[in-house]
Amino acid sequence: IDPSKYSPGLLLMNPPYGVRVGDAREMPRLYREIGGIFRERFSGWSLAMLTGYPHSLNELKMNPEKNIRLFNGPIPCKFLVFKNGN
């Protein structure tokens with residue numbers, strides 16, 4: 001996707017967090033890539049993410065506007081909302 005072709009909007013994600021899907025060892029790299037791509041390519045957009053990966057904020061390298069704790073079944077999760085003001 002080339003976000004520059006669209007008006008800024010909301011990118012909604014539920015990436016794997018290494019519990020039911022994915023390998024926990026791969027999560028740091030995945031979340032760093034998500035944060036980097038969002039910051040570089042999605043200027044003016046918002047990102048809403050459901051994650052059960054407890055270190056997601058560290059790896060994303062972004063500060064959320066909202067950080068809501070909840071559960072996805074038995075898994076403790078966070079619903080995070082970010083704004084890319086670049």
# chains A, B, ... in the order shown; residues from 1 in each chain; ligands from 1
call {"tool": "select_by_dssp", "arguments": {"residues": "region 22-57 of chain A", "states": "helix (DSSP H, G or I)", "output": "list in words"}}
result
Ala24, Arg25, Glu26, Met27, Pro28, Arg29, Leu30, Tyr31, Arg32, Glu33, Ile34, Gly35, Gly36, Ile37, Phe38, Arg39, Glu40, Arg41, Ser56 and Leu57 of chain A
call {"tool": "residues_around", "arguments": {"residues": "region 60-73 of chain A", "least_positions_apart": "4", "cutoff": "10 Å", "atoms": "only C-alpha atoms", "output": "ChimeraX atom specification"}}
result
/A:28-39,46-52,55-56,77-84
call {"tool": "closest_residue", "arguments": {"among": "A:Asn58, A:Tyr53, A:Phe42, A:Tyr6", "to": "Gly18 (chain A)", "atoms": "only C-alpha atoms"}}
result
A:Tyr53
call {"tool": "atom_distance", "arguments": {"atom1": "CA of Pro54 (chain A)", "atom2": "CA of Met27 (chain A)"}}
result
10.3 Å
call {"tool": "residues_around", "arguments": {"residues": "Pro3 (chain A)", "least_positions_apart": "4", "cutoff": "10 Å", "atoms": "only C-alpha atoms", "output": "PyMOL selection string"}}
result
chain A and resi 7-9+38+41-43+45
call {"tool": "atom_distance", "arguments": {"atom1": "CA of Glu26 (chain A)", "atom2": "CA of Leu10 (chain A)"}}
result
25.4 Å
call {"tool": "decode", "arguments": {"residues": "region 2-60 of chain A", "atoms": "C-alpha atoms", "output": "CSV table (one decimal), in the first residue's frame"}}
result
chain,number,residue,atom,x,y,z
A,2,ASP,CA,1.2,3.5,-0.8
A,3,PRO,CA,-0.5,5.7,1.8
A,4,SER,CA,0.5,8.9,0.0
A,5,LYS,CA,-2.2,8.1,-2.6
A,6,TYR,CA,-4.9,8.3,0.1
A,7,SER,CA,-6.2,10.9,2.5
A,8,PRO,CA,-4.8,10.3,6.1
A,9,GLY,CA,-7.0,7.8,7.9
A,10,LEU,CA,-6.9,5.1,10.5
A,11,LEU,CA,-4.7,2.0,10.2
A,12,LEU,CA,-6.1,-0.7,12.5
A,13,MET,CA,-3.9,-3.7,13.4
A,14,ASN,CA,-4.0,-6.8,15.4
A,15,PRO,CA,-0.4,-8.1,14.8
A,16,PRO,CA,0.7,-11.4,16.3
A,17,TYR,CA,2.2,-11.3,19.8
A,18,GLY,CA,3.8,-14.6,20.0
A,19,VAL,CA,1.1,-16.4,22.1
A,20,ARG,CA,-1.3,-18.2,19.8
A,21,VAL,CA,0.3,-17.1,16.5
A,22,GLY,CA,3.9,-16.3,15.7
A,23,ASP,CA,7.1,-17.0,17.5
A,24,ALA,CA,7.8,-14.8,20.5
A,25,ARG,CA,11.4,-14.4,19.5
A,26,GLU,CA,10.4,-12.7,16.2
A,27,MET,CA,8.2,-10.1,18.0
A,28,PRO,CA,10.8,-7.4,18.7
A,29,ARG,CA,11.8,-7.2,15.0
A,30,LEU,CA,8.2,-7.2,13.8
A,31,TYR,CA,7.2,-4.4,16.1
A,32,ARG,CA,10.2,-2.3,15.3
A,33,GLU,CA,9.3,-2.7,11.6
A,34,ILE,CA,5.7,-1.7,12.2
A,35,GLY,CA,6.8,1.4,14.1
A,36,GLY,CA,9.4,2.4,11.6
A,37,ILE,CA,7.0,1.9,8.6
A,38,PHE,CA,4.2,3.8,10.3
A,39,ARG,CA,6.5,6.8,11.2
A,40,GLU,CA,8.1,6.9,7.8
A,41,ARG,CA,5.2,6.3,5.4
A,42,PHE,CA,1.9,7.2,7.2
A,43,SER,CA,2.3,10.9,8.0
A,44,GLY,CA,-0.9,12.4,9.3
A,45,TRP,CA,-2.4,9.0,9.9
A,46,SER,CA,-3.6,7.3,13.2
A,47,LEU,CA,-2.7,3.8,14.2
A,48,ALA,CA,-4.9,1.7,16.5
A,49,MET,CA,-3.4,-1.6,17.6
A,50,LEU,CA,-4.5,-4.5,19.8
A,51,THR,CA,-1.4,-6.2,21.2
A,52,GLY,CA,-0.6,-8.8,23.9
A,53,TYR,CA,3.1,-8.3,23.4
A,54,PRO,CA,4.1,-6.5,26.7
A,55,HIS,CA,7.1,-4.8,25.2
A,56,SER,CA,5.3,-3.3,22.2
A,57,LEU,CA,5.7,0.3,23.3
A,58,ASN,CA,9.5,-0.1,23.6
A,59,GLU,CA,9.8,-1.8,20.2
A,60,LEU,CA,7.4,0.6,18.3
